[in-house]
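See below for the structure under consideration.
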Amino acid sequence: MGVGGTALSADGRYVAFVAHGNDSYSGDARIPGNENAAAVYVRDRLTGEVEAVSRSSDVAGRPGALVPFVSGGSELSIDATGRHVTFPCDGGRLCRRDRVTGTTARVDPGANGDAFLAGMSATGRYVVFGSYATNLPGAGTSNGLPRLYRRDMSSGSIVRVDLRDGRTDDTGFVPQGPAVDQPTVSEDGRYVTWTSADVLVAGTGFDPGYRQAYLRDLQTDRTYALNRSASGDYGRFGGGATGQTESGGARITPDGRYVAFDSNAGNLVAGKTSTSFGVYRQRLTFGGPAGAIDGALDLVSVPRPGGGTQLDNNAWQPAISDDGERVAYVGASPTNVVSGVTGFQVYARDLPGGTTVLVSRADGAGGAPASGGQIAFPPAVSLDGRVVLFSTSSATLDGDAGLQYKAFARVLPPTSGPPVPAPQNTTLPSVSPAEPVTGQSATCDPGSWTGSPTFAYEWLVDDAAAAGTGPTFVPPPTAAGKQLRCRVTGANAAGSATATSAPRPVVAPPPTAEVTGDARFDETVTCDAGRFDADPSLTVTWLVGPGITEPGTPIAGATGRTFTLDDPALVERWIRCRASIVENGTPRTVTSGARYVHLDVTVVRPTAPLTPPREGERFTCSDTEVRVRPAGYGVTHSYSIRALRDNGEIAADYPASPTPTSLGPLADGTAGGRVVCLDEGRAGAATRFSSDGPLATILARSAPAPTPAPAALPGPPRATAPPTVGAYRQLDRTCRTATYDGPLTGLRTRIVWRLHLAGGQTTVVPASSLQPLVFDGQIYRDASLAFTGPTPPVGLSCEQLVTGRNGVEQGTRSAVVRPNPYCVEWQVQGGRPGRDGIPYAVTSAWCTDYRDDGNDTVVTAAPPLPRPPLTVDASGVARIVVGCGATVATTNGCAFTVSLHAIGTTFAGRAAGPPRPVTKTTRLGRRLGRATARVPRGRRAVTVRVRVDAATRRQLRRGRTVATVLVVRYRGRATAVRVGAPVLRRAR
């Protein structure tokens, strides 16, 4: 014997359930010819009486004959008073039993297809069901799939439910998926919830074939997708960009105020970002844009205090009380809801009290949780939330292992209190500052409210709506002289209210002026007069003075918006500009701050190493030759050196000296790196310049005396089986550990990944990119691989190295995994996002194989980059050879964009700084030049002409070098980004 699906009346008194071996419940004879068939019963929890309801209509005062129950228990439903029960009956029918009149009637009379999935309103008048029939009203094109209908059992009318938003028929629509999960309907029959694999609401971005929870308003013909955040964002799997999220299990309250559903989206509420299913409660108000649902959305399936920020496994199949305060759901083995409880369990959440209790446990205080079984079908909750009904196959709740599934009803204490009332404003909102300024931010204080609402803001300029919806607003110039208000709407689950602030006068900002441009001899500067610039009455006067605080005297003839500093008398003095207009008949004047006029300094010959650099020794750099304009100003030098590691990172900066001789000494450990001579000098009183020379390799000291050999200690154990390369996740590679003839306890082990190149060469993946994982007692290394060579790899292998007690490290290498020919998609891995989304590291590409056999392959589409330096011809053009790389060149060639960016230099009146190595933290400066090109199929590379901008050409004409970042961005099937650090020089 067994108990299957269950349903609960609104007062919790009557329980409908399915059972095999029906004679043990009501004494009726078994069904002739089908003695083991299931039947539907109703138990009165108050009296203990059991009645068989899956029977034909009563005749002459005698109960009708039992009919077999032919489908799953999720298709049972019972109305609020326990009078009506729906169930699937023989022959693919869907029946409704009236326990008062003793009659049984078909829900879908005359239908030419099977019916299933019944949901009934609280009064029993409306029944929602799925049907394969093609002759029901509004059936449309079924595509062989079931559709959803609502029948009014009083009038007999049937209407189609699962229609697209705003539509009343299925014209032009071919369904792609069935309606699934048991539907529910509000007491008045207006609202219906269900789950469908079709996309029924435009603009959601959902992928067809993935189940979604929907709500249909049969009065307005609107269909709403419930998998949506309060801010209007539709659900995304794990909070990402894909529409392959799922939702379902929607249950509506009889009064239509709330609906509960489950979803695996990670962007519906703050704090829930995982891909596990969670249970939500949605307040049904429809005041959003275009009538969208805008009620509060609450996450029900939350962890216990101290149990983390989100559940560590799925929660689904909710049931909700009439007032929406208690929601029960099934937890699929989470470990952080109730301390010490795991496995499939039923939980109930008291939302006002913020507490979650375990429902599926043995009776009595501290009863043990259900174990060794499964939860069958969604739970049910009574109208007042006090009774939770569930079905389980566990034998630990009552010790009876004879039934496969058993139905239990647990009585809970009342929820923590009545709902929070609708918000009310007690202190009006206010705008600050008292006189908002155009172009500057004004802030709206929402004031004081009851009901703990959330706030929405609207800004009004002279009572007309402005383009601002947040707590801050920047008044436009047209708002000057007008009144500014903010309107605040406070809302909670019970309702909303609106309050408006007192008006604030908006004023124009005070006038400003600023000298912009390179304030240097023979350069041109501009007077930026702010809001005065557009005034036709604007006049400008340029002033010069000896100090930053002196007002200055007018410069003869300098009255234009721009001014060229070609007079030697202006050098090492301070200039200002004065802007004047006539505003509304009143003269207004504003004077800028002072700018210092620098000398023009050009490095003719930079400093460079004269003697070979060596560890522990000093060495000499050459003098820097500079040209200063205008002539007659002295130059002070400050020479120093900088040591770089072999990867380009700065190892050390050494103290400066006024002369370039006897610099250093270079520290131990710098051998193999490089050193550069620097000169951070000054011309005149305050004009600084920078010079740097070519890099020189640091030589090592004499070899130190050998150290004595260590005492003999045991070496590492011998490997009897090598490691193997496998797949742990779709885009990751794993290295399963080797087998050894001795223990590894206490020994140091590490994993090394190698990319195998053409010609037998290999490159080692840096250990910093590996992350350890432990799974089934084996140690794995999850590789995020980066490749820096110009040749694509032809294979991948891993090696496990073990260090013995004697310090000897011994390695065992896996077989080489060859590239996979079934590549259908490229995905760039690695790198660090920066400005414009460009990563500042050489990246590799994963080739994803959708055969699901785990054979993903690491390849690269990155071409070789030009070696520094780059030269720029007299017309300002740099020629750069760029190719597609082997992987792309064998397909369809490639298209790309080449751009040059400055590194850490502004060209704001100073010579360019020394070239710096490109690291992951280097930021792009301004773009110097850009070009696009395409490599035809079969060719390996083309020459790209990149013309640098005027400011860069001017720097190069003066003999300066410019440190740059070269970015190559590829488009097409393969995408890769390469970053180099060439130095621009003018061709001689």
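Identifiers in this document derive from the order of the structure tokens: chains are assigned A, B, ..., residues are numbered from 1 separately in each chain, and ligands are numbered from 1 in order of occurrence.
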Can you pull out every residue within 12 Å of Gly172 (chain A), counting only C-alpha atoms, but drop anything in the same chain fewer than 4 positions away, and send it as a PDB file with N, CA and C atoms, in the first residue's frame?
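Contents of part.pdb, as written:
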```pdb
ATOM      1  N   GLY A 140      -6.150  26.744 -31.025  1.00  0.00           N
ATOM      2  CA  GLY A 140      -5.110  27.216 -31.915  1.00  0.00           C
ATOM      3  C   GLY A 140      -4.253  26.082 -32.445  1.00  0.00           C
ATOM      4  N   THR A 141      -3.004  26.410 -32.800  1.00  0.00           N
ATOM      5  CA  THR A 141      -2.047  25.420 -33.298  1.00  0.00           C
ATOM      6  C   THR A 141      -1.328  24.811 -32.113  1.00  0.00           C
ATOM      7  N   SER A 142      -1.640  23.550 -31.799  1.00  0.00           N
ATOM      8  CA  SER A 142      -1.076  22.946 -30.589  1.00  0.00           C
ATOM      9  C   SER A 142       0.298  22.376 -30.801  1.00  0.00           C
ATOM     10  N   LEU A 163      -1.673  32.190 -23.186  1.00  0.00           N
ATOM     11  CA  LEU A 163      -1.502  33.019 -24.374  1.00  0.00           C
ATOM     12  C   LEU A 163      -0.424  34.062 -24.145  1.00  0.00           C
ATOM     13  N   ARG A 164       0.095  34.573 -25.253  1.00  0.00           N
ATOM     14  CA  ARG A 164       1.102  35.614 -25.158  1.00  0.00           C
ATOM     15  C   ARG A 164       0.511  36.897 -24.584  1.00  0.00           C
ATOM     16  N   ARG A 167      -2.473  39.181 -26.004  1.00  0.00           N
ATOM     17  CA  ARG A 167      -3.174  38.480 -27.074  1.00  0.00           C
ATOM     18  C   ARG A 167      -4.403  37.757 -26.531  1.00  0.00           C
TER      19      ARG A 167
END
```
As a VMD selection string, please: the residues near Pro606 (chain A) (cut-off 12 Å, only C-alpha atoms, same-chain neighbours under 6 positions excluded). chain A and resid 621 to 627 637 639 660 676 to 681 689 to 694 911 to 914 959 to 961
Could you take the residues named above and write them with C-alpha atoms, as a PDB file, in the first residue's frame?
```pdb
ATOM      1  CA  CYS A 621      76.291  56.781 -17.459  1.00  0.00           C
ATOM      2  CA  SER A 622      76.838  59.370 -20.185  1.00  0.00           C
ATOM      3  CA  ASP A 623      75.907  63.064 -19.853  1.00  0.00           C
ATOM      4  CA  THR A 624      72.459  64.186 -21.023  1.00  0.00           C
ATOM      5  CA  GLU A 625      72.467  66.825 -23.776  1.00  0.00           C
ATOM      6  CA  VAL A 626      69.472  69.173 -23.685  1.00  0.00           C
ATOM      7  CA  ARG A 627      68.378  72.243 -25.684  1.00  0.00           C
ATOM      8  CA  HIS A 637      71.039  67.398 -13.682  1.00  0.00           C
ATOM      9  CA  TYR A 639      71.290  61.216 -12.534  1.00  0.00           C
ATOM     10  CA  PRO A 660      76.598  60.490 -14.053  1.00  0.00           C
ATOM     11  CA  VAL A 676      68.555  51.972 -17.333  1.00  0.00           C
ATOM     12  CA  CYS A 677      70.209  55.378 -16.804  1.00  0.00           C
ATOM     13  CA  LEU A 678      67.853  58.192 -15.777  1.00  0.00           C
ATOM     14  CA  ASP A 679      68.180  61.978 -15.564  1.00  0.00           C
ATOM     15  CA  GLU A 680      65.415  63.890 -13.784  1.00  0.00           C
ATOM     16  CA  GLY A 681      66.814  67.406 -14.258  1.00  0.00           C
ATOM     17  CA  PHE A 689      62.722  67.390 -17.804  1.00  0.00           C
ATOM     18  CA  SER A 690      63.258  63.628 -17.932  1.00  0.00           C
ATOM     19  CA  SER A 691      65.789  61.562 -19.886  1.00  0.00           C
ATOM     20  CA  ASP A 692      66.300  57.820 -20.097  1.00  0.00           C
ATOM     21  CA  GLY A 693      68.633  55.713 -22.179  1.00  0.00           C
ATOM     22  CA  PRO A 694      68.721  52.189 -23.586  1.00  0.00           C
ATOM     23  CA  ALA A 911      58.989  65.904 -21.792  1.00  0.00           C
ATOM     24  CA  ALA A 912      57.888  62.277 -22.012  1.00  0.00           C
ATOM     25  CA  GLY A 913      58.844  60.058 -19.075  1.00  0.00           C
ATOM     26  CA  PRO A 914      61.109  57.027 -19.333  1.00  0.00           C
ATOM     27  CA  GLY A 959      63.964  64.465 -30.105  1.00  0.00           C
ATOM     28  CA  ARG A 960      61.892  62.910 -27.355  1.00  0.00           C
ATOM     29  CA  THR A 961      60.965  59.262 -27.080  1.00  0.00           C
TER      30      THR A 961
END
```
Which residues, written as JSON, numbers by chain, have at least one atom at most 8 Å from Val330 (chain A), with only C-alpha atoms counted and residues fewer than 5 positions away on the same chain left out? {"A": [315, 316, 317, 318, 344, 345, 346, 347, 375, 378, 379]}
Could you turn the residues from that selection into a file that holds all heavy atoms, as an mmCIF file, in the first residue's frame?
```
data_model
loop_
_atom_site.group_PDB
_atom_site.id
_atom_site.type_symbol
_atom_site.label_atom_id
_atom_site.label_comp_id
_atom_site.auth_asym_id
_atom_site.auth_seq_id
_atom_site.Cartn_x
_atom_site.Cartn_y
_atom_site.Cartn_z
ATOM 1 N N ALA A 315 16.157 25.090 -3.512
ATOM 2 C CA ALA A 315 14.889 25.180 -2.779
ATOM 3 C C ALA A 315 13.805 25.448 -3.820
ATOM 4 O O ALA A 315 13.970 26.312 -4.688
ATOM 5 C CB ALA A 315 14.934 26.294 -1.744
ATOM 6 N N TRP A 316 12.699 24.697 -3.756
ATOM 7 C CA TRP A 316 11.673 24.825 -4.789
ATOM 8 C C TRP A 316 10.320 24.325 -4.278
ATOM 9 O O TRP A 316 10.165 24.008 -3.109
ATOM 10 C CB TRP A 316 12.077 24.082 -6.063
ATOM 11 C CG TRP A 316 12.667 22.709 -5.860
ATOM 12 C CD1 TRP A 316 12.345 21.793 -4.923
ATOM 13 C CD2 TRP A 316 13.732 22.125 -6.619
ATOM 14 N NE1 TRP A 316 13.110 20.676 -5.056
ATOM 15 C CE2 TRP A 316 13.975 20.832 -6.094
ATOM 16 C CE3 TRP A 316 14.486 22.536 -7.714
ATOM 17 C CZ2 TRP A 316 14.942 19.976 -6.605
ATOM 18 C CZ3 TRP A 316 15.454 21.680 -8.233
ATOM 19 C CH2 TRP A 316 15.676 20.422 -7.678
ATOM 20 N N GLN A 317 9.326 24.275 -5.197
ATOM 21 C CA GLN A 317 7.979 23.778 -4.923
ATOM 22 C C GLN A 317 7.346 24.457 -3.701
ATOM 23 O O GLN A 317 7.049 23.842 -2.691
ATOM 24 C CB GLN A 317 8.004 22.255 -4.718
ATOM 25 C CG GLN A 317 8.446 21.492 -5.952
ATOM 26 C CD GLN A 317 8.406 19.987 -5.771
ATOM 27 O OE1 GLN A 317 8.479 19.481 -4.658
ATOM 28 N NE2 GLN A 317 8.292 19.263 -6.864
ATOM 29 N N PRO A 318 7.103 25.771 -3.767
ATOM 30 C CA PRO A 318 6.550 26.480 -2.614
ATOM 31 C C PRO A 318 5.046 26.285 -2.470
ATOM 32 O O PRO A 318 4.345 25.889 -3.400
ATOM 33 C CB PRO A 318 6.880 27.943 -2.926
ATOM 34 C CG PRO A 318 6.871 28.003 -4.414
ATOM 35 C CD PRO A 318 7.415 26.671 -4.883
ATOM 36 N N PHE A 344 16.584 15.850 1.683
ATOM 37 C CA PHE A 344 15.352 16.440 1.193
ATOM 38 C C PHE A 344 14.406 16.644 2.373
ATOM 39 O O PHE A 344 14.017 15.682 3.039
ATOM 40 C CB PHE A 344 14.698 15.543 0.146
ATOM 41 C CG PHE A 344 15.257 15.740 -1.229
ATOM 42 C CD1 PHE A 344 16.528 15.267 -1.548
ATOM 43 C CD2 PHE A 344 14.523 16.393 -2.203
ATOM 44 C CE1 PHE A 344 17.048 15.450 -2.807
ATOM 45 C CE2 PHE A 344 15.040 16.577 -3.479
ATOM 46 C CZ PHE A 344 16.318 16.103 -3.777
ATOM 47 N N GLN A 345 14.013 17.912 2.612
ATOM 48 C CA GLN A 345 13.179 18.263 3.758
ATOM 49 C C GLN A 345 12.159 19.316 3.332
ATOM 50 O O GLN A 345 12.292 19.977 2.304
ATOM 51 C CB GLN A 345 14.032 18.821 4.908
ATOM 52 C CG GLN A 345 15.170 17.933 5.362
ATOM 53 C CD GLN A 345 14.708 16.696 6.115
ATOM 54 O OE1 GLN A 345 13.533 16.579 6.463
ATOM 55 N NE2 GLN A 345 15.622 15.768 6.357
ATOM 56 N N VAL A 346 11.131 19.474 4.165
ATOM 57 C CA VAL A 346 10.142 20.539 3.984
ATOM 58 C C VAL A 346 10.364 21.570 5.077
ATOM 59 O O VAL A 346 10.468 21.226 6.263
ATOM 60 C CB VAL A 346 8.703 19.987 4.053
ATOM 61 C CG1 VAL A 346 7.692 21.128 3.941
ATOM 62 C CG2 VAL A 346 8.480 18.969 2.949
ATOM 63 N N TYR A 347 10.457 22.860 4.679
ATOM 64 C CA TYR A 347 10.665 23.958 5.608
ATOM 65 C C TYR A 347 9.511 24.943 5.475
ATOM 66 O O TYR A 347 8.825 24.992 4.449
ATOM 67 C CB TYR A 347 11.980 24.685 5.310
ATOM 68 C CG TYR A 347 13.213 23.810 5.397
ATOM 69 C CD1 TYR A 347 13.708 23.150 4.273
ATOM 70 C CD2 TYR A 347 13.885 23.643 6.603
ATOM 71 C CE1 TYR A 347 14.843 22.357 4.341
ATOM 72 C CE2 TYR A 347 15.024 22.841 6.687
ATOM 73 C CZ TYR A 347 15.488 22.195 5.548
ATOM 74 O OH TYR A 347 16.603 21.410 5.625
ATOM 75 N N ILE A 375 10.809 13.606 -0.695
ATOM 76 C CA ILE A 375 9.585 14.387 -0.566
ATOM 77 C C ILE A 375 8.836 14.274 -1.890
ATOM 78 O O ILE A 375 9.393 14.557 -2.951
ATOM 79 C CB ILE A 375 9.893 15.852 -0.235
ATOM 80 C CG1 ILE A 375 10.689 15.951 1.069
ATOM 81 C CG2 ILE A 375 8.604 16.662 -0.153
ATOM 82 C CD1 ILE A 375 9.957 15.439 2.278
ATOM 83 N N PRO A 378 4.640 19.007 -4.232
ATOM 84 C CA PRO A 378 4.760 20.210 -3.406
ATOM 85 C C PRO A 378 3.998 20.063 -2.101
ATOM 86 O O PRO A 378 2.993 19.347 -2.025
ATOM 87 C CB PRO A 378 4.155 21.307 -4.285
ATOM 88 C CG PRO A 378 4.138 20.758 -5.665
ATOM 89 C CD PRO A 378 3.994 19.281 -5.524
ATOM 90 N N PRO A 379 4.410 20.736 -1.029
ATOM 91 C CA PRO A 379 3.604 20.765 0.197
ATOM 92 C C PRO A 379 2.358 21.620 -0.002
ATOM 93 O O PRO A 379 2.198 22.271 -1.038
ATOM 94 C CB PRO A 379 4.567 21.383 1.222
ATOM 95 C CG PRO A 379 5.493 22.216 0.400
ATOM 96 C CD PRO A 379 5.656 21.508 -0.907
#
```
One residue among A:Asn313, A:Thr245, A:Thr932, A:Gln212 is nearest to Thr897 (chain A) when using only C-alpha atoms, and that residue is A:Thr932
Residues of region 122-300 of chain A in strand (DSSP E), written as a PyMOL selection string: chain A and resi 126-131+147-152+158-160+179-185+191-196+212-217+222-225+247-252+258-263+278-283+297-299
Contact residues around Thr193 (chain A) with only C-alpha atoms at 8 Å, ignoring same-chain residues under 5 positions, as a list in words: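 Skipping anything fewer than 5 positions along the chain leaves Pro183, Thr184, Val185, Ala213, Tyr214, Leu215, Arg216, Ala250, Arg251 and Ile252 of chain A.
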Gap from CA of Gly746 (chain A) to CA of Gly811 (chain A) - Å, one decimal: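 Answer for the CA of Gly746 (chain A) to CA of Gly811 (chain A) separation: 16.9 Å.
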